[in-house]
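Structure data (mmCIF, C-alpha atoms) from upload_23.cif:
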```
data_protein
loop_
_atom_site.group_PDB
_atom_site.id
_atom_site.type_symbol
_atom_site.label_atom_id
_atom_site.label_comp_id
_atom_site.auth_asym_id
_atom_site.auth_seq_id
_atom_site.Cartn_x
_atom_site.Cartn_y
_atom_site.Cartn_z
ATOM 1 C CA MET A 1 37.211 -20.106 -35.761
ATOM 2 C CA GLN A 2 33.725 -21.529 -35.505
ATOM 3 C CA ALA A 3 31.576 -22.939 -38.301
ATOM 4 C CA ARG A 4 28.659 -20.832 -39.511
ATOM 5 C CA MET A 5 26.259 -23.677 -38.889
ATOM 6 C CA THR A 6 26.121 -27.365 -38.111
ATOM 7 C CA ASN A 7 27.394 -29.356 -41.049
ATOM 8 C CA PRO A 8 24.444 -29.984 -43.425
ATOM 9 C CA ALA A 9 25.177 -33.727 -43.432
ATOM 10 C CA TYR A 10 24.310 -33.749 -39.728
ATOM 11 C CA VAL A 11 21.285 -31.482 -40.118
ATOM 12 C CA LEU A 12 19.765 -33.817 -42.723
ATOM 13 C CA PRO A 13 20.289 -37.353 -41.349
ATOM 14 C CA GLY A 14 19.551 -38.996 -44.696
ATOM 15 C CA ALA A 15 22.610 -37.256 -46.120
ATOM 16 C CA MET A 16 24.904 -38.928 -43.608
ATOM 17 C CA LYS A 17 23.341 -42.304 -44.406
ATOM 18 C CA GLY A 18 23.932 -41.726 -48.121
ATOM 19 C CA ILE A 19 27.519 -40.627 -47.521
ATOM 20 C CA GLY A 20 28.143 -43.769 -45.462
ATOM 21 C CA THR A 21 26.753 -45.937 -48.244
ATOM 22 C CA LEU A 22 28.924 -44.151 -50.797
ATOM 23 C CA PHE A 23 32.043 -44.661 -48.658
ATOM 24 C CA GLN A 24 31.192 -48.331 -48.279
ATOM 25 C CA ALA A 25 30.965 -48.691 -52.066
ATOM 26 C CA ILE A 26 34.247 -46.815 -52.538
ATOM 27 C CA GLY A 27 35.885 -49.185 -50.059
ATOM 28 C CA GLU A 28 34.792 -52.135 -52.194
ATOM 29 C CA GLY A 29 36.766 -50.747 -55.143
ATOM 30 C CA GLY A 30 40.134 -51.929 -53.877
ATOM 31 C CA LEU A 31 41.865 -48.557 -54.192
ATOM 32 C CA ARG A 32 44.780 -48.349 -51.768
ATOM 33 C CA GLN A 33 43.906 -46.106 -48.836
ATOM 34 C CA ASP A 34 47.085 -44.048 -49.134
ATOM 35 C CA VAL A 35 46.263 -43.255 -52.772
ATOM 36 C CA ALA A 36 42.738 -42.207 -51.803
ATOM 37 C CA GLU A 37 44.097 -39.954 -49.050
ATOM 38 C CA ILE A 38 46.788 -38.430 -51.273
ATOM 39 C CA VAL A 39 44.280 -37.476 -53.979
ATOM 40 C CA GLY A 40 41.870 -36.223 -51.330
ATOM 41 C CA LEU A 41 44.604 -34.093 -49.829
ATOM 42 C CA ARG A 42 45.530 -32.624 -53.217
ATOM 43 C CA ALA A 43 41.933 -31.751 -54.122
ATOM 44 C CA SER A 44 41.455 -30.200 -50.684
ATOM 45 C CA GLN A 45 44.630 -28.135 -51.048
ATOM 46 C CA ILE A 46 43.419 -26.796 -54.402
ATOM 47 C CA ASN A 47 39.993 -25.949 -52.967
ATOM 48 C CA GLY A 48 41.392 -24.361 -49.794
ATOM 49 C CA CYS A 49 39.459 -26.641 -47.441
ATOM 50 C CA GLY A 50 41.344 -26.492 -44.142
ATOM 51 C CA ALA A 51 39.118 -29.077 -42.464
ATOM 52 C CA CYS A 52 39.728 -31.614 -45.238
ATOM 53 C CA VAL A 53 43.460 -30.879 -45.544
ATOM 54 C CA HIS A 54 43.781 -31.443 -41.808
ATOM 55 C CA GLY A 55 41.771 -34.668 -41.988
ATOM 56 C CA HIS A 56 43.681 -36.142 -44.929
ATOM 57 C CA VAL A 57 47.040 -35.317 -43.339
ATOM 58 C CA ALA A 58 45.917 -36.986 -40.100
ATOM 59 C CA ASN A 59 44.706 -40.062 -42.011
ATOM 60 C CA LEU A 60 47.966 -40.293 -43.963
ATOM 61 C CA ARG A 61 49.984 -40.089 -40.743
ATOM 62 C CA LYS A 62 47.772 -42.742 -39.155
ATOM 63 C CA ALA A 63 48.416 -44.963 -42.197
ATOM 64 C CA GLY A 64 52.175 -44.579 -41.675
ATOM 65 C CA VAL A 65 52.857 -42.395 -44.716
ATOM 66 C CA SER A 66 56.102 -40.466 -44.288
ATOM 67 C CA GLU A 67 56.096 -36.758 -43.493
ATOM 68 C CA GLU A 68 58.271 -36.317 -46.564
ATOM 69 C CA ARG A 69 55.539 -37.696 -48.862
ATOM 70 C CA ILE A 70 52.747 -35.825 -47.085
ATOM 71 C CA ALA A 71 54.587 -32.511 -47.319
ATOM 72 C CA ALA A 72 55.342 -33.062 -51.000
ATOM 73 C CA VAL A 73 51.745 -33.626 -52.150
ATOM 74 C CA ALA A 74 51.309 -29.934 -52.981
ATOM 75 C CA ALA A 75 54.388 -30.096 -55.218
ATOM 76 C CA TRP A 76 54.134 -33.714 -56.338
ATOM 77 C CA ARG A 77 55.368 -33.002 -59.877
ATOM 78 C CA HIS A 78 58.733 -31.933 -58.481
ATOM 79 C CA ALA A 79 59.129 -34.622 -55.835
ATOM 80 C CA PRO A 80 60.600 -38.101 -56.266
ATOM 81 C CA PHE A 81 58.342 -39.690 -53.631
ATOM 82 C CA PHE A 82 55.434 -40.823 -55.832
ATOM 83 C CA SER A 83 54.996 -43.830 -58.097
ATOM 84 C CA ASP A 84 53.763 -43.549 -61.679
ATOM 85 C CA ALA A 85 50.337 -44.789 -60.546
ATOM 86 C CA GLU A 86 50.170 -42.143 -57.801
ATOM 87 C CA ARG A 87 51.215 -39.451 -60.263
ATOM 88 C CA ALA A 88 48.474 -40.504 -62.663
ATOM 89 C CA ALA A 89 45.941 -40.432 -59.808
ATOM 90 C CA LEU A 90 47.124 -36.966 -58.757
ATOM 91 C CA LYS A 91 46.834 -35.700 -62.350
ATOM 92 C CA LEU A 92 43.280 -37.026 -62.507
ATOM 93 C CA ALA A 93 42.426 -35.464 -59.129
ATOM 94 C CA GLU A 94 43.693 -32.089 -60.307
ATOM 95 C CA ALA A 95 41.818 -32.316 -63.616
ATOM 96 C CA MET A 96 38.568 -33.269 -61.862
ATOM 97 C CA THR A 97 39.003 -30.512 -59.282
ATOM 98 C CA ARG A 98 40.047 -27.682 -61.591
ATOM 99 C CA LEU A 99 37.115 -27.857 -63.995
ATOM 100 C CA SER A 100 36.740 -24.091 -64.260
ATOM 101 C CA ASP A 101 40.412 -23.698 -65.206
ATOM 102 C CA LEU A 102 40.057 -25.827 -68.318
ATOM 103 C CA SER A 103 39.497 -24.628 -71.841
ATOM 104 C CA GLY A 104 39.208 -28.140 -73.290
ATOM 105 C CA GLU A 105 38.090 -31.523 -72.049
ATOM 106 C CA SER A 106 38.170 -31.938 -68.292
ATOM 107 C CA VAL A 107 39.905 -35.301 -68.629
ATOM 108 C CA PRO A 108 41.624 -35.642 -72.010
ATOM 109 C CA ASP A 109 41.974 -39.108 -73.538
ATOM 110 C CA ALA A 110 45.732 -39.161 -72.907
ATOM 111 C CA LEU A 111 45.178 -38.618 -69.165
ATOM 112 C CA TRP A 112 42.377 -41.184 -69.092
ATOM 113 C CA ASP A 113 44.606 -43.738 -70.807
ATOM 114 C CA GLU A 114 47.446 -43.020 -68.377
ATOM 115 C CA VAL A 115 45.231 -43.519 -65.335
ATOM 116 C CA ALA A 116 43.587 -46.614 -66.828
ATOM 117 C CA ASP A 117 47.045 -48.145 -67.346
ATOM 118 C CA HIS A 118 47.544 -48.177 -63.557
ATOM 119 C CA PHE A 119 44.105 -48.939 -62.148
ATOM 120 C CA ASP A 120 41.527 -51.580 -63.021
ATOM 121 C CA GLU A 121 37.888 -50.604 -63.503
ATOM 122 C CA LYS A 122 36.918 -51.057 -59.841
ATOM 123 C CA GLU A 123 39.937 -49.130 -58.576
ATOM 124 C CA LEU A 124 39.326 -46.427 -61.161
ATOM 125 C CA SER A 125 35.695 -46.198 -60.067
ATOM 126 C CA ALA A 126 36.793 -45.816 -56.449
ATOM 127 C CA LEU A 127 39.356 -43.196 -57.461
ATOM 128 C CA ILE A 128 36.831 -41.131 -59.417
ATOM 129 C CA LEU A 129 34.258 -41.320 -56.627
ATOM 130 C CA THR A 130 36.887 -40.444 -54.002
ATOM 131 C CA VAL A 131 37.853 -37.266 -55.849
ATOM 132 C CA ALA A 132 34.202 -36.383 -56.488
ATOM 133 C CA VAL A 133 33.208 -36.889 -52.836
ATOM 134 C CA THR A 134 36.236 -34.927 -51.666
ATOM 135 C CA ASN A 135 35.214 -32.023 -53.876
ATOM 136 C CA MET A 136 31.689 -32.226 -52.426
ATOM 137 C CA PHE A 137 33.068 -32.126 -48.867
ATOM 138 C CA ASN A 138 35.361 -29.234 -49.807
ATOM 139 C CA ARG A 139 32.390 -27.239 -51.060
ATOM 140 C CA ILE A 140 30.297 -27.975 -47.975
ATOM 141 C CA ASN A 141 33.109 -27.219 -45.523
ATOM 142 C CA THR A 142 34.283 -24.014 -47.183
ATOM 143 C CA THR A 143 30.694 -22.759 -47.399
ATOM 144 C CA VAL A 144 29.927 -23.316 -43.713
ATOM 145 C CA GLN A 145 33.531 -22.402 -42.772
ATOM 146 C CA GLU A 146 34.216 -25.707 -41.019
ATOM 147 C CA PRO A 147 37.448 -25.184 -39.065
ATOM 148 C CA ALA A 148 40.493 -27.404 -39.428
ATOM 149 C CA GLY A 149 40.513 -30.134 -36.799
ATOM 150 C CA THR A 150 36.819 -30.896 -37.170
ATOM 151 C CA THR A 151 36.099 -34.556 -37.817
ATOM 152 C CA TRP A 152 33.107 -36.252 -39.363
ATOM 153 C CA GLY A 153 31.749 -38.909 -37.036
#
```

Do you think you could lay out the structure here as structure tokens?
Amino acid sequence: MQARMTNPAYVLPGAMKGIGTLFQAIGEGGLRQDVAEIVGLRASQINGCGACVHGHVANLRKAGVSEERIAAVAAWRHAPFFSDAERAALKLAEAMTRLSDLSGESVPDALWDEVADHFDEKELSALILTVAVTNMFNRINTTVQEPAGTTWG
């Protein structure tokens, strides 16, 4: 499989600069990397982005996350491998990703309160931006048909 075109972030150099700045800010939020990768993986699974699923799995492996936990992300509700904080983050990631599936608020107060119980304001900011950026990448990669195994430099 070959992408339809060069990734737009490479075609427009200012985009890559902006993405780098956004990642730097996210990194300042103090969110654990494994949590960021788990929510990124879940959003990418929902959106069917093979390039991002591949990348998040590789990053989780590199971070030493067990194969058991990685494999269970798609079925996290039925797996004992996630903490309450991780479960709250995964619920938020799904709510933010599945906007078109909702008939009510995208993030109900009860979910917001649950997530806020586990993450401080900086971590929560990093979590929200991580899910939002992942959804952006998913949309770019699925549009240009970026193949799994492709990495952003």

Next item on the list: Check the smallest atom-to-atom distance from each of A:Thr21, A:Gly27, A:Ala15, A:Pro8 to A:Ser125 using only C-alpha atoms, then report the winner.
Entry: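 Among the listed residues, A:Gly27 lies closest to A:Ser125.
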
Checklist line | Nearest to A:Ala126 by atom-to-atom distance, counting only C-alpha atoms, from A:Ala89, A:Leu60, A:Thr6, A:Gly18 | finding: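 Result for the nearest residue to A:Ala126: A:Ala89.
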
Padding 5 Å on each side, edges along x, y and z: where is the centre of the box around the listed atoms of stretch 83-86 of chain A, and how long are its edges in Å to one decimal? Output it as lines of an AutoDock Vina configuration file.
```
center_x = 52.6
center_y = -43.5
center_z = -59.7
size_x = 14.8
size_y = 12.6
size_z = 13.9
```

Checklist line | Point-to-point distance in Å for atom CA of A:Glu146 and atom CA of A:Glu37 | finding: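 Atom-to-atom, atom CA of A:Glu37 and atom CA of A:Glu146 are spaced 19.1 Å apart.
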
Next item on the list: Could you tell me which of A:Lys122, A:Lys17, A:Arg32, A:Arg42 comes closest to A:Ala93 if we count all atoms listed in the file?
Entry: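 Selected residue with least distance to A:Ala93: A:Arg42.
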
Note to self: Please compute the atom CA of A:Leu12-atom CA of A:Met96 distance, one decimal, in Å.
What the structure shows: 26.8 Å

Reconstructed N, CA and C atoms for stretch 21-34 of chain A, given as a short mmCIF file (atom, residue, chain, number, x, y, z; two decimals), keeping the file's coordinate frame:
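Once everything was written out, this is part10.cif:
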```cif
data_model
loop_
_atom_site.label_atom_id
_atom_site.label_comp_id
_atom_site.auth_asym_id
_atom_site.auth_seq_id
_atom_site.Cartn_x
_atom_site.Cartn_y
_atom_site.Cartn_z
N THR A 21 26.93 -44.93 -47.20
CA THR A 21 26.75 -45.94 -48.24
C THR A 21 27.75 -45.72 -49.38
N LEU A 22 27.97 -44.47 -49.75
CA LEU A 22 28.92 -44.15 -50.80
C LEU A 22 30.34 -44.56 -50.37
N PHE A 23 30.72 -44.26 -49.15
CA PHE A 23 32.04 -44.66 -48.66
C PHE A 23 32.20 -46.18 -48.63
N GLN A 24 31.14 -46.87 -48.28
CA GLN A 24 31.19 -48.33 -48.28
C GLN A 24 31.46 -48.84 -49.69
N ALA A 25 30.76 -48.29 -50.67
CA ALA A 25 30.96 -48.69 -52.07
C ALA A 25 32.39 -48.38 -52.53
N ILE A 26 32.88 -47.19 -52.17
CA ILE A 26 34.25 -46.82 -52.54
C ILE A 26 35.24 -47.82 -51.95
N GLY A 27 35.01 -48.22 -50.72
CA GLY A 27 35.88 -49.18 -50.06
C GLY A 27 35.92 -50.53 -50.75
N GLU A 28 34.86 -50.87 -51.46
CA GLU A 28 34.79 -52.14 -52.19
C GLU A 28 35.57 -52.09 -53.51
N GLY A 29 36.06 -50.90 -53.87
CA GLY A 29 36.77 -50.75 -55.14
C GLY A 29 38.21 -51.20 -55.13
N GLY A 30 38.77 -51.42 -53.96
CA GLY A 30 40.13 -51.93 -53.88
C GLY A 30 41.23 -50.89 -54.05
N LEU A 31 40.86 -49.61 -54.09
CA LEU A 31 41.86 -48.56 -54.19
C LEU A 31 42.65 -48.50 -52.88
N ARG A 32 43.97 -48.45 -52.98
CA ARG A 32 44.78 -48.35 -51.77
C ARG A 32 44.39 -47.10 -50.99
N GLN A 33 44.32 -47.22 -49.69
CA GLN A 33 43.91 -46.11 -48.84
C GLN A 33 44.85 -44.92 -48.95
N ASP A 34 46.15 -45.17 -49.04
CA ASP A 34 47.08 -44.05 -49.13
C ASP A 34 46.89 -43.27 -50.43
#
```
